[in-house]
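Q: Sharing a structure below in structure tokens format, with a few things to ask.
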Amino acid sequence: MTNLLLAFDLLLSLTLVGLAAAALTSREPRRAVILFIAFGLLLALVWARLRAPDVALAEAAIGAGLAGALMLAAARRAARGARGPGGSESSAGQD
Amino acid sequence: MGVRHSLIIGLLALIGATLAWVYWDALIGHAGTRLAGLALERVPESGVSNPVTAVLLNFRAYDTLLELAVLLAAILGIWSSGPEARGFLPAGPVLGALTSWVVPLLILAAGYLLWVGGHAPGGAFQAGALLGAAGVVLRLSGEPSAGLPPLPWLRVGIGLGVLIFTLTGLALMALGQGFLTYPAASAKWLILMIETAATLSIGATLAAAYLAGEPVPARSTTQQPGGTRP
């Protein structure tokens, strides 16, 4: 049982680091945000494994849920700005 | 991509490894006195039986007050960046029916989390997040106000948490206690009152943040046809 849990923890940590790297290196904002939401949900699982249910609840609700919704809206706005007439500032922001 | 990215990732990995080492060293090396034992000992005097709530709302209430002030500053920043974004098109029958089920359940769950925070995991921030999520769901399904009251009342709601928190602290000072030092007899009800105000405030702030700007007073019918799809 403990071995299984250890394997689960290791898998969880590795996935978390992998998701963080993927979110950081993603070029497309929308993709990065979705990866960040997945990262937040797994992080909530990590807090639950650390026996901190309070932090897990807050992370799932605020870190993954609401921050995710806010950033998705921001990413949509950014994408609209990049396609719209204000293209010069967005092309400067991309590089 | 390329050299610069791998450099940044390498640097971050180095910082992470250093932090892990510091944590490990602090855990193994210097086992001095920690505050956890002391805090757990005094939980019965705090008015609540959940140690996390006891620390957040009683022993370190000052920190929580400042956290609420940070949220207030954040929404003021969002409002100063311009008027709200355009709303979404009204939901179809399926999303509409789902919303009319999910939103009441979210409000109910928020009330439960608020109450249960006294003796089990839960509390104002989690409950407020659920209220905020209810607002986001409403906004996504085409309700332009996201369930928020008109602007004057919204202002009151957003400031309510900090207001009640500060007034409680000042009233306790006037009664001869320290700032936010609750007398043991009334601690439970003071904490519940502050948490209720904080929940409403956090919920309103988070839902208002999703509007992405200061709400426009006269928005009811003129904006509706020009909405975008979620």
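Identifiers for the structure tokens are assigned positionally: chains receive A, B, ... in sequence, residues are indexed from 1 per chain, and ligands are indexed from 1 in the order shown.
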Could you pull the residues within 10 Å of Leu5 of chain A, counting only C-alpha atoms, minus those fewer than 5 positions along the same chain, as a PyMOL selection string?

A: chain A and resi 10-11+49

Q: Do me a favour and pick out the residues of chain B within 8 Å of chain A, using only C-alpha atoms, as a PyMOL selection string.

A: chain B and resi 1+5+9+52+121-122+125-126+129-130+132-133+136+206+209-210

Q: Among segment 3-43 of chain B, which ones does DSSP place in alpha helix (DSSP H), written as a ChimeraX atom specification?

A: /B:3-28,35-42

Q: Based on the selection just made, write N, CA, C and O atoms of those residues as a CSV table (one decimal), in the first residue's frame.

A:
chain,number,residue,atom,x,y,z
B,3,VAL,N,18.1,28.4,-26.9
B,3,VAL,CA,19.0,28.6,-25.9
B,3,VAL,C,18.5,29.4,-24.7
B,3,VAL,O,18.6,29.0,-23.5
B,4,ARG,N,17.7,30.5,-25.0
B,4,ARG,CA,17.3,31.3,-24.0
B,4,ARG,C,16.3,30.6,-23.1
B,4,ARG,O,16.4,30.7,-21.8
B,5,HIS,N,15.4,29.8,-23.7
B,5,HIS,CA,14.4,29.1,-22.9
B,5,HIS,C,15.1,28.1,-22.0
B,5,HIS,O,14.7,27.9,-20.8
B,6,SER,N,16.0,27.3,-22.6
B,6,SER,CA,16.6,26.3,-21.8
B,6,SER,C,17.5,26.9,-20.6
B,6,SER,O,17.6,26.4,-19.6
B,7,LEU,N,18.0,28.1,-20.9
B,7,LEU,CA,18.7,28.8,-19.9
B,7,LEU,C,17.8,29.2,-18.7
B,7,LEU,O,18.1,29.0,-17.5
B,8,ILE,N,16.6,29.7,-19.1
B,8,ILE,CA,15.6,30.1,-18.1
B,8,ILE,C,15.2,28.9,-17.3
B,8,ILE,O,15.2,28.9,-16.0
B,9,ILE,N,14.9,27.8,-18.0
B,9,ILE,CA,14.4,26.6,-17.3
B,9,ILE,C,15.5,26.1,-16.4
B,9,ILE,O,15.3,25.6,-15.2
B,10,GLY,N,16.8,26.1,-16.9
B,10,GLY,CA,17.9,25.7,-16.0
B,10,GLY,C,18.0,26.5,-14.8
B,10,GLY,O,18.2,26.0,-13.7
B,11,LEU,N,17.9,27.8,-14.9
B,11,LEU,CA,18.0,28.7,-13.8
B,11,LEU,C,16.9,28.4,-12.8
B,11,LEU,O,17.1,28.4,-11.6
B,12,LEU,N,15.6,28.2,-13.3
B,12,LEU,CA,14.5,27.9,-12.4
B,12,LEU,C,14.7,26.6,-11.7
B,12,LEU,O,14.5,26.5,-10.5
B,13,ALA,N,15.3,25.6,-12.4
B,13,ALA,CA,15.6,24.3,-11.8
B,13,ALA,C,16.6,24.5,-10.7
B,13,ALA,O,16.5,23.9,-9.6
B,14,LEU,N,17.6,25.4,-10.9
B,14,LEU,CA,18.6,25.7,-9.9
B,14,LEU,C,18.0,26.3,-8.6
B,14,LEU,O,18.2,25.9,-7.5
B,15,ILE,N,17.1,27.3,-8.9
B,15,ILE,CA,16.4,28.0,-7.8
B,15,ILE,C,15.6,27.0,-7.0
B,15,ILE,O,15.6,26.9,-5.8
B,16,GLY,N,14.9,26.1,-7.8
B,16,GLY,CA,14.0,25.1,-7.1
B,16,GLY,C,14.9,24.1,-6.3
B,16,GLY,O,14.5,23.8,-5.1
B,17,ALA,N,16.0,23.7,-6.8
B,17,ALA,CA,16.9,22.8,-6.0
B,17,ALA,C,17.4,23.5,-4.8
B,17,ALA,O,17.4,22.9,-3.7
B,18,THR,N,17.8,24.8,-4.9
B,18,THR,CA,18.2,25.5,-3.7
B,18,THR,C,17.2,25.6,-2.7
B,18,THR,O,17.4,25.4,-1.5
B,19,LEU,N,15.9,25.9,-3.1
B,19,LEU,CA,14.8,26.0,-2.2
B,19,LEU,C,14.6,24.7,-1.5
B,19,LEU,O,14.4,24.6,-0.2
B,20,ALA,N,14.6,23.6,-2.2
B,20,ALA,CA,14.4,22.3,-1.7
B,20,ALA,C,15.5,22.0,-0.6
B,20,ALA,O,15.2,21.4,0.4
B,21,TRP,N,16.8,22.4,-1.0
B,21,TRP,CA,17.9,22.2,0.0
B,21,TRP,C,17.6,23.0,1.3
B,21,TRP,O,17.8,22.4,2.4
B,22,VAL,N,17.2,24.2,1.1
B,22,VAL,CA,17.0,25.1,2.3
B,22,VAL,C,15.9,24.5,3.2
B,22,VAL,O,16.1,24.4,4.4
B,23,TYR,N,14.8,24.0,2.5
B,23,TYR,CA,13.7,23.4,3.2
B,23,TYR,C,14.2,22.2,4.0
B,23,TYR,O,13.9,22.0,5.2
B,24,TRP,N,15.0,21.3,3.3
B,24,TRP,CA,15.5,20.1,3.9
B,24,TRP,C,16.3,20.4,5.1
B,24,TRP,O,16.2,19.8,6.1
B,25,ASP,N,17.2,21.4,4.9
B,25,ASP,CA,18.2,21.8,5.9
B,25,ASP,C,17.4,22.3,7.2
B,25,ASP,O,17.7,22.0,8.3
B,26,ALA,N,16.4,23.1,6.9
B,26,ALA,CA,15.6,23.7,8.0
B,26,ALA,C,14.9,22.7,8.7
B,26,ALA,O,14.7,22.7,10.0
B,27,LEU,N,14.4,21.6,8.0
B,27,LEU,CA,13.6,20.6,8.6
B,27,LEU,C,14.5,19.7,9.5
B,27,LEU,O,14.1,19.2,10.5
B,28,ILE,N,15.7,19.3,9.0
B,28,ILE,CA,16.6,18.4,9.6
B,28,ILE,C,17.5,19.1,10.7
B,28,ILE,O,17.6,18.7,11.8
B,35,LEU,N,5.8,27.1,16.1
B,35,LEU,CA,4.6,27.8,16.7
B,35,LEU,C,3.4,26.8,16.6
B,35,LEU,O,2.4,27.1,17.3
B,36,ALA,N,3.5,25.7,15.8
B,36,ALA,CA,2.4,24.9,15.6
B,36,ALA,C,1.9,24.3,16.9
B,36,ALA,O,0.6,24.3,17.2
B,37,GLY,N,2.8,23.8,17.8
B,37,GLY,CA,2.4,23.3,19.0
B,37,GLY,C,1.6,24.3,19.9
B,37,GLY,O,0.6,24.0,20.5
B,38,LEU,N,2.2,25.4,20.0
B,38,LEU,CA,1.6,26.5,20.8
B,38,LEU,C,0.2,26.9,20.3
B,38,LEU,O,-0.7,27.0,21.1
B,39,ALA,N,0.1,27.0,18.9
B,39,ALA,CA,-1.2,27.3,18.3
B,39,ALA,C,-2.2,26.3,18.6
B,39,ALA,O,-3.4,26.6,19.0
B,40,LEU,N,-1.8,25.0,18.4
B,40,LEU,CA,-2.8,23.9,18.7
B,40,LEU,C,-3.3,23.9,20.1
B,40,LEU,O,-4.4,23.6,20.4
B,41,GLU,N,-2.3,24.2,21.1
B,41,GLU,CA,-2.7,24.2,22.5
B,41,GLU,C,-3.8,25.3,22.8
B,41,GLU,O,-4.6,25.0,23.6
B,42,ARG,N,-3.7,26.4,22.0
B,42,ARG,CA,-4.6,27.5,22.4
B,42,ARG,C,-5.9,27.5,21.5
B,42,ARG,O,-6.8,28.4,21.7

Q: Do a neighbour search on Ala110 of chain B at 7 Å with only C-alpha atoms, toss out local chain neighbours closer than 5 positions, and write the hits as a PDB file with C-alpha atoms, in the first residue's frame.

A:
ATOM      1  CA  ALA B 127     -17.023  29.848   0.242  1.00  0.00           C
ATOM      2  CA  GLY B 128     -16.344  33.185  -1.466  1.00  0.00           C
ATOM      3  CA  LEU B 130     -17.843  29.315  -4.855  1.00  0.00           C
ATOM      4  CA  LEU B 131     -19.994  32.470  -4.869  1.00  0.00           C
TER       5      LEU B 131
END

Q: Atom CA of Asn50 of chain B and atom CA of His119 of chain B are how many Å apart?

A: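 Pair atom CA of Asn50 of chain B / atom CA of His119 of chain B returns 4.2 Å.
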
Q: One number please: atom CA of Ala198 of chain B to atom CA of Gly135 of chain B, in Å, one decimal.

A: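 Atom-to-atom, atom CA of Ala198 of chain B and atom CA of Gly135 of chain B are spaced 16.3 Å apart.
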
Q: Taking 4 positions as the minimum chain separation for residues in the same chain, which residues sit within 10 Å of Ala20 of chain A when counting only C-alpha atoms? Answer as a PyMOL selection string.

A: chain A and resi 14-16+24-26+32+35-36+38-40

Q: What would the file look like if the residues just selected were written as a compact mmCIF listing (two decimals), in the first residue's frame with N, CA, C and O atoms?

A:
# COMPACT_ATOMS: atom_id res chain seq x y z
N LEU A 14 6.09 14.27 -10.83
CA LEU A 14 6.68 14.38 -12.17
C LEU A 14 5.70 15.04 -13.14
O LEU A 14 6.08 15.90 -13.94
N THR A 15 4.43 14.63 -13.07
CA THR A 15 3.42 15.23 -13.95
C THR A 15 3.30 16.72 -13.70
O THR A 15 3.17 17.52 -14.62
N LEU A 16 3.37 17.08 -12.41
CA LEU A 16 3.24 18.49 -12.03
C LEU A 16 4.37 19.31 -12.66
O LEU A 16 4.13 20.36 -13.26
N LEU A 24 4.82 26.88 -19.16
CA LEU A 24 5.77 27.99 -19.28
C LEU A 24 6.28 28.15 -20.70
O LEU A 24 6.53 29.27 -21.16
N THR A 25 6.49 27.03 -21.40
CA THR A 25 7.11 27.11 -22.72
C THR A 25 6.09 27.18 -23.85
O THR A 25 6.49 27.29 -25.00
N SER A 26 4.78 27.12 -23.49
CA SER A 26 3.77 27.14 -24.55
C SER A 26 3.74 28.52 -25.22
O SER A 26 3.80 29.55 -24.55
N ALA A 32 -1.45 27.68 -22.91
CA ALA A 32 -0.73 27.84 -21.64
C ALA A 32 -1.71 27.90 -20.47
O ALA A 32 -1.47 27.29 -19.42
N LEU A 35 -3.16 24.47 -19.76
CA LEU A 35 -2.15 23.67 -19.05
C LEU A 35 -2.03 24.12 -17.60
O LEU A 35 -1.86 23.31 -16.69
N PHE A 36 -2.15 25.45 -17.39
CA PHE A 36 -2.06 25.99 -16.02
C PHE A 36 -3.22 25.50 -15.16
O PHE A 36 -3.05 25.20 -13.97
N ALA A 38 -4.85 22.65 -15.58
CA ALA A 38 -4.55 21.25 -15.26
C ALA A 38 -3.51 21.18 -14.14
O ALA A 38 -3.64 20.38 -13.20
N PHE A 39 -2.52 22.06 -14.22
CA PHE A 39 -1.49 22.14 -13.18
C PHE A 39 -2.12 22.45 -11.83
O PHE A 39 -1.79 21.81 -10.81
N GLY A 40 -3.06 23.42 -11.80
CA GLY A 40 -3.70 23.80 -10.54
C GLY A 40 -4.50 22.65 -9.94
O GLY A 40 -4.48 22.43 -8.73

Q: Do you have the atom CA of Ala69 of chain B-atom CA of Leu140 of chain B distance handy?

A: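 Computing the Euclidean distance for atom CA of Ala69 of chain B and atom CA of Leu140 of chain B yields 27.4 Å.
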
Q: List as a tab-separated table (two decimals) with N, CA and C atoms, in the first residue's frame the protein and nucleic acid residues near Ser186 of chain B, meaning an atom at most 12 Å away when only C-alpha atoms are counted, but skip any in the same chain fewer than 3 places from it.

A:
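Saved the output as out.tsv:
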chain	number	residue	atom	x	y	z
B	45	GLU	N	-9.40	28.12	23.02
B	45	GLU	CA	-9.75	29.48	23.44
B	45	GLU	C	-10.16	30.37	22.27
B	46	SER	N	-10.03	29.85	21.04
B	46	SER	CA	-10.17	30.75	19.89
B	46	SER	C	-11.61	30.92	19.44
B	47	GLY	N	-12.53	30.09	19.96
B	47	GLY	CA	-13.92	30.22	19.54
B	47	GLY	C	-14.30	29.28	18.42
B	48	VAL	N	-13.31	28.67	17.74
B	48	VAL	CA	-13.60	27.68	16.70
B	48	VAL	C	-12.75	26.46	16.99
B	58	ASN	N	-8.26	34.30	14.04
B	58	ASN	CA	-8.07	34.75	15.41
B	58	ASN	C	-6.60	35.08	15.69
B	168	THR	N	-14.81	45.81	13.55
B	168	THR	CA	-14.75	44.90	14.69
B	168	THR	C	-13.48	45.14	15.50
B	172	LEU	N	-13.33	46.54	19.30
B	172	LEU	CA	-12.67	45.81	20.39
B	172	LEU	C	-11.64	46.68	21.08
B	181	THR	N	-8.38	41.41	19.09
B	181	THR	CA	-8.21	40.41	20.14
B	181	THR	C	-9.59	40.13	20.71
B	182	TYR	N	-10.18	38.99	20.29
B	182	TYR	CA	-11.56	38.72	20.68
B	182	TYR	C	-11.61	38.21	22.11
B	183	PRO	N	-12.62	38.66	22.89
B	183	PRO	CA	-12.85	38.00	24.18
B	183	PRO	C	-13.37	36.59	23.92
B	189	TRP	N	-18.93	34.16	17.60
B	189	TRP	CA	-19.91	34.95	16.82
B	189	TRP	C	-19.22	36.08	16.07
B	190	LEU	N	-18.18	36.63	16.69
B	190	LEU	CA	-17.42	37.67	15.98
B	190	LEU	C	-16.77	37.08	14.74
B	191	ILE	N	-16.18	35.88	14.90
B	191	ILE	CA	-15.51	35.24	13.75
B	191	ILE	C	-16.53	34.93	12.67
B	192	LEU	N	-17.71	34.41	13.09
B	192	LEU	CA	-18.73	34.07	12.10
B	192	LEU	C	-19.20	35.31	11.35
B	193	MET	N	-19.36	36.43	12.10
B	193	MET	CA	-19.82	37.66	11.45
B	193	MET	C	-18.78	38.14	10.43

Q: Between B:Val43, B:Ala197, B:Leu148, B:Ala73, single out the one closest to Leu160 of chain B, counting only C-alpha atoms.

A: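 Looking only at the distances to Leu160 of chain B, the closest residue turns out to be B:Ala197.
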